[in-house]
Amino acid sequence: MTTTTTTARAFAATTTRCCFSSLSSRRPENHRRRRFQKTIVVSKSSSESTEETAATTTPTTAAADQRPLSSSSDDDDDDYDCVVGRLLPNETAWTNPANGEEYRLQTQTHELTRDTTVIRSLDWDRDRFDIEFGLEKGTTYNSYVIKGKEKTVLIDTSHEKFEQLYMETLASVVEDAETIDYIVCSHTEPDHSGLIKRVLERAPDATVVGTKVCLAFLDNLVQKEFKKLVVKGGDVLELGEGRQLKFIPAPNLHWPDTMFSYDTESELAFTCDAFGAHYCTENVFDEDLPKLMPHFSFYYECLMKPNARSVLTALRKCEADGVKLSTVCTGHGPILQRNSEELIGDYKKWSEKALEKAKASVAVFYTADYGFSDRLSQSVARGVVKTDCEVAMVDLSTCDAQQIVEDVGRASGIVLLAPPNANEDIQDNIGVLIGAVKPGKQKILVCESYGGDDEPVDPLMRKFAEIGLQESQSPLKCQSTPTEGTYQLYEEAGTDLGQLLTQKEKLKEMKLSMSADVARALGRVSGGLYIVTALQGTAKSAMVASWVAQASFEPLGFTIAVAKDRAIESLMQVGDSFVLNCLSEDGFEAPMKHFLKRFPPGADRFEGVDWKPASCGSPILADAVSYLECKVVSRMDANDHWVIYSEAIDGGVFNKDAKTASHFRKVATYY
Ligand code: FEO
């Protein structure tokens, strides 16, 4: 009989029995267990799989004493050797000022090697990251302590809301904070750097290590003098006895300041946002792949796909620098170890696919350490990516002329976030950009950065118009601190630009791919007419829907198909609420005509419309014959649409005698 060996991942996909149930507060703290390796033997002839579990206690390489230690479940019969670390008893709650709800906070530590410890801040109930990213299972913020022979290093911290818990936990790992020599800041978003200021109060002599952009951001956050060390690719910190911490810049994963660190002795790679997941469990590692996977892939889709080219560049750099991505210490969610090869492979595969599928390329020029340029540019990029375009993010403060020429040469669309007015180097780069554009062949979008000293956008746009570039729309203005509504505006403008660049090719592809008979037959499947409305903070949106169908009795659930490039899609993440307004046979024309209009980015879809808020805040239209208030349960990827399955949690009928509007088509090539 022929046998082949498959990965733990293949096994995980077919046989899931994780030891969540035995996550043991009974377990002795830092209880160390044998390290288990799973080998799955698959019989080709029978397609049946059996498992061989080999317990190994003997290190097999020189670095083996630095390899991850496991403190695992007590249940040896479980298929997974889940590691849960030490959960600290001092849990607290954080009150969300937006809704008054209490969110549970907890910390956990685990020794990854004899001298490297992870401190995980478990934000069990966090339900959102920015406007576009709904969280289903909270998240974690991971911080790492390395006690080298001569130097002690802290890699990243935690979110401010964890201040008390994190500082107590850090003190339990590093008794005397003054022994911390270096604080590595992988990325300055506050979920990782929010407590650097507090750590510096306890360790005032520590040197903060980061990229140039990172330390410039950090100055604003810390707002007092501290020791700094700017590092670039190839730089190392000596930790003692030949051990080094090596740095690998990874711009745009997820901000321009991001860098990875790699411990040459333990072979642990610290990658901050990259390869993470917003998935809060007590499991330190990635054993339970089936449960992790939806969060891992959704995280990639939201944060990394707009930066697919940067993902591939970072992977190439790691390979060239001898950085092993076998134990990947992420900034969010579980550490990748048991399935790291496959999960890193997914990043590569998904990024290559995103670039291959791209119907057009858009170069987004921003200035990393200026105003809100970085965040607003990411919103535009997200909007562009929804339309199957590739995005190249280019930082005007660090790029060179050659990169500008290459990225502009490849692009059919250009986005320029207004740079600071008085920076000579950046002005030189703008000159290169103007010289590189292709008159008559490219579209451009110019936007403000809200940095206080923006180059005025209208004259900037006029310069591009004079040399023959067509604007996708008037320059975007941002005249106060960005809110959900501002990010929505920038994202929608990105989507509009992408649609403009890809619509012809998409129509051509659709016609070629569809059999005329099948399209006519499918057109006979009828639907209703509905207006879906949704609201998050200051962002609200609406769309006409006709692909709506009941899907379950218990719970009362139904599906709606939403095109991936619809603006409202960002407000319909798992856990989000929305309203389905049913239109009547006699009164559907007016609301349908209104909501079918092509609204400019950020436009108020409800201006002149009579509505009142449902309990979730989303609009119930006065023109509706009935309404349902719904919560999104799951989303299925249907290539160019999301099929969104939702539970109806409330509803009402305003006119019992009215019939629901029906929607008939002759062919399935349009809505
Ligand atoms: Fe997890 Fe970009 O911060």
# chains A, B, ... in the order shown; residues from 1 in each chain; ligands from 1
>>> select_by_dssp(residues="region 430-597 of chain A", states="helix (DSSP H, G or I)", output="number ranges by chain")
A: 430-436, 457-466, 484-513, 516-523, 567-571, 589-596
>>> closest_atom_pairs(of="chain A", to="ligand 1", cutoff="12 Å", atoms="only C-alpha atoms and all ligand atoms", output="CSV")
residue,atom,partner,partner_atom_place_in_ligand_line,distance
A:Phe129,CA,ligand 1,1 (Fe),9.1
A:Asp130,CA,ligand 1,2 (Fe),10.4
A:Phe133,CA,ligand 1,1 (Fe),11.9
A:Thr139,CA,ligand 1,1 (Fe),9.6
A:Thr140,CA,ligand 1,1 (Fe),9.2
A:Tyr141,CA,ligand 1,1 (Fe),7.5
A:Asn142,CA,ligand 1,1 (Fe),9.4
A:Ser143,CA,ligand 1,1 (Fe),11.4
A:Asp156,CA,ligand 1,1 (Fe),10.5
A:Thr157,CA,ligand 1,1 (Fe),11.0
A:Ser158,CA,ligand 1,1 (Fe),9.6
A:His159,CA,ligand 1,1 (Fe),9.5
A:Cys185,CA,ligand 1,3 (O),11.5
A:Ser186,CA,ligand 1,3 (O),9.6
A:His187,CA,ligand 1,2 (Fe),6.9
A:Thr188,CA,ligand 1,3 (O),7.5
A:Glu189,CA,ligand 1,3 (O),4.8
A:Pro190,CA,ligand 1,3 (O),7.0
A:Asp191,CA,ligand 1,1 (Fe),5.6
A:His192,CA,ligand 1,1 (Fe),6.3
A:Ser193,CA,ligand 1,3 (O),8.9
A:Gly194,CA,ligand 1,3 (O),10.4
A:Cys214,CA,ligand 1,2 (Fe),12.0
A:Pro251,CA,ligand 1,2 (Fe),11.2
A:Asn252,CA,ligand 1,2 (Fe),9.1
A:Leu253,CA,ligand 1,2 (Fe),7.5
A:His254,CA,ligand 1,2 (Fe),5.0
A:Trp255,CA,ligand 1,2 (Fe),6.1
A:Pro256,CA,ligand 1,2 (Fe),9.8
A:Asp257,CA,ligand 1,2 (Fe),9.8
A:Thr258,CA,ligand 1,2 (Fe),8.5
A:Met259,CA,ligand 1,2 (Fe),11.5
A:Thr271,CA,ligand 1,1 (Fe),10.5
A:Cys272,CA,ligand 1,1 (Fe),6.9
A:Asp273,CA,ligand 1,1 (Fe),5.0
A:Ala274,CA,ligand 1,1 (Fe),8.7
A:Phe275,CA,ligand 1,1 (Fe),10.8
A:Gly276,CA,ligand 1,1 (Fe),8.5
A:Ala277,CA,ligand 1,1 (Fe),9.4
A:His278,CA,ligand 1,1 (Fe),9.0
A:Tyr299,CA,ligand 1,1 (Fe),10.6
A:Cys302,CA,ligand 1,2 (Fe),11.3
A:Leu303,CA,ligand 1,2 (Fe),8.3
A:Met304,CA,ligand 1,2 (Fe),10.3
A:Thr330,CA,ligand 1,1 (Fe),9.5
A:Gly331,CA,ligand 1,1 (Fe),6.4
A:His332,CA,ligand 1,1 (Fe),6.7
A:Gly333,CA,ligand 1,1 (Fe),10.3
A:Asp374,CA,ligand 1,2 (Fe),11.0
A:Arg375,CA,ligand 1,2 (Fe),9.9
A:Gln378,CA,ligand 1,2 (Fe),10.9
>>> closest_residue(among="A:Ala545, A:Pro294, A:Ser472, A:Asp395", to="Met636 (chain A)", atoms="only C-alpha atoms")
A:Pro294
>>> closest_residue(among="A:Phe464, A:Val574, A:Leu218, A:Ala516", to="Val632 (chain A)", atoms="only C-alpha atoms")
A:Val574
>>> residues_around(residues="region 656-667 of chain A", least_positions_apart="6", cutoff="8 Å", atoms="only C-alpha atoms", output="list in words")
Ala519, Arg520, Ala521, Leu522, Gly523, Arg524, Val525, Ser526, Gly527, Gly528, Leu529, Ser546, Cys582, Leu583, Ser584, Glu585, Asp586, Phe588 and Val625 of chain A
>>> residues_around(residues="Gln499 (chain A)", least_positions_apart="5", cutoff="12 Å", atoms="only C-alpha atoms", output="ChimeraX atom specification")
/A:359-362,383-389,412-413,443,472,492-494,504-507,564-567
>>> write_last_selection(atoms="N, CA and C atoms", output="compact mmCIF listing (two decimals), in the first residue's frame")
# COMPACT_ATOMS: atom_id res chain seq x y z
N LYS A 359 -7.28 43.90 -12.73
CA LYS A 359 -7.64 44.36 -14.07
C LYS A 359 -7.01 45.71 -14.37
N ALA A 360 -6.49 46.35 -13.35
CA ALA A 360 -5.82 47.65 -13.54
C ALA A 360 -4.94 47.88 -12.32
N SER A 361 -4.02 48.82 -12.47
CA SER A 361 -3.14 49.13 -11.35
C SER A 361 -3.32 50.60 -10.95
N VAL A 362 -3.34 50.83 -9.65
CA VAL A 362 -3.47 52.21 -9.15
C VAL A 362 -2.28 52.49 -8.23
N GLY A 383 -10.87 50.84 -0.94
CA GLY A 383 -11.95 51.06 -1.91
C GLY A 383 -11.53 50.62 -3.30
N VAL A 384 -10.31 50.92 -3.68
CA VAL A 384 -9.82 50.55 -5.02
C VAL A 384 -9.77 49.03 -5.15
N VAL A 385 -9.25 48.36 -4.12
CA VAL A 385 -9.07 46.90 -4.17
C VAL A 385 -10.41 46.17 -4.34
N LYS A 386 -11.49 46.76 -3.84
CA LYS A 386 -12.82 46.14 -3.99
C LYS A 386 -13.19 45.92 -5.45
N THR A 387 -12.53 46.65 -6.35
CA THR A 387 -12.90 46.59 -7.77
C THR A 387 -11.91 45.74 -8.58
N ASP A 388 -11.15 44.90 -7.88
CA ASP A 388 -10.18 44.03 -8.57
C ASP A 388 -9.05 44.81 -9.23
N CYS A 389 -8.62 45.88 -8.60
CA CYS A 389 -7.44 46.60 -9.08
C CYS A 389 -6.28 46.28 -8.14
N SER A 412 -2.86 52.72 -14.25
CA SER A 412 -3.83 53.44 -15.08
C SER A 412 -4.58 54.46 -14.22
N GLY A 413 -4.40 54.37 -12.92
CA GLY A 413 -4.99 55.36 -12.02
C GLY A 413 -3.96 55.84 -11.02
N LYS A 443 -6.16 58.24 -15.07
CA LYS A 443 -7.11 59.04 -14.27
C LYS A 443 -6.44 59.37 -12.95
N SER A 472 -10.84 61.71 -11.62
CA SER A 472 -11.96 60.77 -11.46
C SER A 472 -13.11 61.48 -10.77
N GLU A 492 -15.04 55.20 -0.65
CA GLU A 492 -15.96 55.22 -1.79
C GLU A 492 -15.32 55.89 -3.01
N ALA A 493 -14.51 56.93 -2.76
CA ALA A 493 -13.83 57.59 -3.89
C ALA A 493 -12.86 56.61 -4.54
N GLY A 494 -12.19 55.79 -3.72
CA GLY A 494 -11.29 54.76 -4.26
C GLY A 494 -12.06 53.76 -5.10
N LYS A 504 -15.15 48.62 -18.33
CA LYS A 504 -15.23 48.09 -19.70
C LYS A 504 -14.80 46.63 -19.74
N GLU A 505 -13.68 46.36 -19.10
CA GLU A 505 -13.17 44.99 -19.13
C GLU A 505 -14.10 44.02 -18.41
N LYS A 506 -14.72 44.49 -17.32
CA LYS A 506 -15.63 43.62 -16.58
C LYS A 506 -16.84 43.27 -17.43
N LEU A 507 -17.39 44.25 -18.13
CA LEU A 507 -18.55 43.99 -18.99
C LEU A 507 -18.21 43.00 -20.09
N LYS A 564 -19.37 43.06 -4.38
CA LYS A 564 -18.21 43.34 -3.54
C LYS A 564 -17.78 44.80 -3.59
N ASP A 565 -18.12 45.50 -4.67
CA ASP A 565 -17.69 46.89 -4.74
C ASP A 565 -18.78 47.87 -4.27
N ARG A 566 -19.82 47.35 -3.62
CA ARG A 566 -20.83 48.23 -3.04
C ARG A 566 -20.29 48.92 -1.79
N ALA A 567 -20.61 50.21 -1.66
CA ALA A 567 -20.15 50.94 -0.48
C ALA A 567 -20.71 50.35 0.80
>>> closest_residue(among="A:Glu424, A:Asp286, A:Glu225, A:Asp650", to="Ser577 (chain A)", atoms="only C-alpha atoms")
A:Asp650
>>> residues_around(residues="Phe260 (chain A)", least_positions_apart="4", cutoff="6 Å", atoms="only C-alpha atoms", output="NGL selection string")
:A and (247-248 or 270-271)
>>> atom_distance(atom1="CA of Leu416 (chain A)", atom2="CA of Tyr366 (chain A)")
6.3 Å
>>> closest_residue(among="A:Glu466, A:Glu554, A:Glu201, A:Asp125", to="Lys224 (chain A)", atoms="only C-alpha atoms")
A:Glu201
>>> select_by_dssp(residues="region 580-666 of chain A", states="strand (DSSP E)", output="JSON, numbers by chain")
{"A": [580, 581, 582, 611, 612, 613, 619, 620, 621, 626, 627, 628, 629, 630, 631, 632, 633, 634, 635, 636, 637, 638, 641, 642, 643, 644, 645, 646, 647, 648, 649, 650, 651, 652, 653, 662, 663]}
>>> residues_around(residues="region 163-174 of chain A", least_positions_apart="6", cutoff="9 Å", atoms="only C-alpha atoms", output="MDAnalysis selection string")
chainID A and resid 88 90:92 105:109 117 119:121 145 147 157 180 194:195 198:199
>>> residues_around(residues="Val364 (chain A)", least_positions_apart="3", cutoff="9 Å", atoms="only C-alpha atoms", output="count of residues only")
14
>>> atom_distance(atom1="CA of Leu312 (chain A)", atom2="CA of Lys353 (chain A)")
11.2 Å
>>> atom_distance(atom1="CA of Ser379 (chain A)", atom2="CA of Leu489 (chain A)")
8.7 Å
>>> closest_residue(among="A:Thr367, A:Thr533, A:Thr207, A:Gln244", to="Asn423 (chain A)", atoms="only C-alpha atoms")
A:Thr367
>>> decode(residues="region 229-271 of chain A", atoms="N, CA and C atoms", output="compact mmCIF listing (two decimals), in the first residue's frame")
# COMPACT_ATOMS: atom_id res chain seq x y z
N LEU A 229 16.71 54.69 18.54
CA LEU A 229 17.65 54.10 17.60
C LEU A 229 16.88 53.80 16.31
N VAL A 230 17.23 54.54 15.26
CA VAL A 230 16.58 54.28 13.96
C VAL A 230 17.28 53.11 13.30
N VAL A 231 16.49 52.12 12.87
CA VAL A 231 17.11 50.99 12.17
C VAL A 231 16.53 50.85 10.77
N LYS A 232 17.34 50.22 9.92
CA LYS A 232 16.86 49.94 8.57
C LYS A 232 17.16 48.48 8.25
N GLY A 233 16.77 48.06 7.08
CA GLY A 233 16.95 46.66 6.70
C GLY A 233 18.39 46.22 6.86
N GLY A 234 18.59 45.06 7.50
CA GLY A 234 19.93 44.52 7.66
C GLY A 234 20.59 44.91 8.97
N ASP A 235 20.06 45.94 9.66
CA ASP A 235 20.63 46.33 10.96
C ASP A 235 20.31 45.25 12.00
N VAL A 236 21.19 45.16 12.99
CA VAL A 236 20.97 44.16 14.05
C VAL A 236 21.22 44.78 15.42
N LEU A 237 20.60 44.17 16.43
CA LEU A 237 20.93 44.51 17.83
C LEU A 237 21.67 43.31 18.38
N GLU A 238 22.76 43.54 19.08
CA GLU A 238 23.50 42.44 19.70
C GLU A 238 22.89 42.19 21.08
N LEU A 239 22.45 40.94 21.32
CA LEU A 239 21.82 40.63 22.60
C LEU A 239 22.76 39.90 23.55
N GLY A 240 23.97 39.58 23.07
CA GLY A 240 24.95 38.89 23.91
C GLY A 240 25.31 37.54 23.36
N GLU A 241 26.61 37.20 23.46
CA GLU A 241 27.14 35.90 23.03
C GLU A 241 26.76 35.56 21.58
N GLY A 242 26.83 36.56 20.73
CA GLY A 242 26.61 36.32 19.30
C GLY A 242 25.15 36.33 18.87
N ARG A 243 24.26 36.39 19.82
CA ARG A 243 22.83 36.39 19.48
C ARG A 243 22.44 37.77 18.95
N GLN A 244 21.67 37.76 17.88
CA GLN A 244 21.29 39.05 17.27
C GLN A 244 19.79 39.13 17.05
N LEU A 245 19.30 40.35 17.12
CA LEU A 245 17.94 40.63 16.69
C LEU A 245 18.07 41.44 15.40
N LYS A 246 17.53 40.85 14.34
CA LYS A 246 17.73 41.40 13.00
C LYS A 246 16.46 42.12 12.55
N PHE A 247 16.59 43.19 11.79
CA PHE A 247 15.39 43.95 11.40
C PHE A 247 15.14 43.88 9.90
N ILE A 248 13.87 43.74 9.58
CA ILE A 248 13.46 43.63 8.17
C ILE A 248 12.30 44.60 7.96
N PRO A 249 12.51 45.72 7.28
CA PRO A 249 11.40 46.64 7.05
C PRO A 249 10.29 45.96 6.23
N ALA A 250 9.06 46.21 6.63
CA ALA A 250 7.91 45.62 5.91
C ALA A 250 6.86 46.71 5.72
N PRO A 251 7.20 47.76 4.95
CA PRO A 251 6.28 48.89 4.83
C PRO A 251 4.91 48.49 4.30
N ASN A 252 3.91 49.15 4.85
CA ASN A 252 2.50 48.97 4.46
C ASN A 252 1.85 47.72 5.04
N LEU A 253 2.55 46.99 5.89
CA LEU A 253 1.94 45.82 6.53
C LEU A 253 1.79 46.09 8.03
N HIS A 254 1.04 46.94 8.61
CA HIS A 254 -0.06 47.50 7.87
C HIS A 254 0.08 49.02 7.68
N TRP A 255 1.09 49.61 8.29
CA TRP A 255 1.38 51.02 8.07
C TRP A 255 2.78 51.14 7.45
N PRO A 256 3.11 52.31 6.95
CA PRO A 256 4.43 52.46 6.31
C PRO A 256 5.59 52.27 7.27
N ASP A 257 5.32 52.38 8.57
CA ASP A 257 6.42 52.31 9.54
C ASP A 257 6.79 50.89 9.92
N THR A 258 6.05 49.90 9.45
CA THR A 258 6.17 48.54 10.00
C THR A 258 7.51 47.87 9.68
N MET A 259 8.02 47.14 10.65
CA MET A 259 9.18 46.28 10.39
C MET A 259 9.03 44.98 11.16
N PHE A 260 9.67 43.94 10.66
CA PHE A 260 9.73 42.66 11.36
C PHE A 260 11.06 42.61 12.12
N SER A 261 11.09 41.75 13.16
CA SER A 261 12.35 41.47 13.87
C SER A 261 12.54 39.96 13.87
N TYR A 262 13.80 39.54 13.91
CA TYR A 262 14.08 38.11 13.86
C TYR A 262 15.20 37.79 14.82
N ASP A 263 14.94 36.87 15.75
CA ASP A 263 15.93 36.45 16.73
C ASP A 263 16.74 35.31 16.12
N THR A 264 18.03 35.55 15.89
CA THR A 264 18.83 34.55 15.17
C THR A 264 19.05 33.29 15.99
N GLU A 265 18.91 33.39 17.32
CA GLU A 265 19.15 32.20 18.14
C GLU A 265 17.88 31.35 18.29
N SER A 266 16.80 31.99 18.69
CA SER A 266 15.55 31.22 18.89
C SER A 266 14.84 30.96 17.57
N GLU A 267 15.21 31.69 16.52
CA GLU A 267 14.55 31.61 15.22
C GLU A 267 13.08 31.99 15.29
N LEU A 268 12.76 32.87 16.23
CA LEU A 268 11.40 33.41 16.30
C LEU A 268 11.35 34.66 15.44
N ALA A 269 10.29 34.78 14.61
CA ALA A 269 10.10 35.98 13.79
C ALA A 269 8.95 36.78 14.39
N PHE A 270 9.17 38.08 14.59
CA PHE A 270 8.15 38.94 15.19
C PHE A 270 7.61 39.85 14.09
N THR A 271 6.35 39.67 13.73
CA THR A 271 5.85 40.29 12.49
C THR A 271 4.72 41.29 12.70
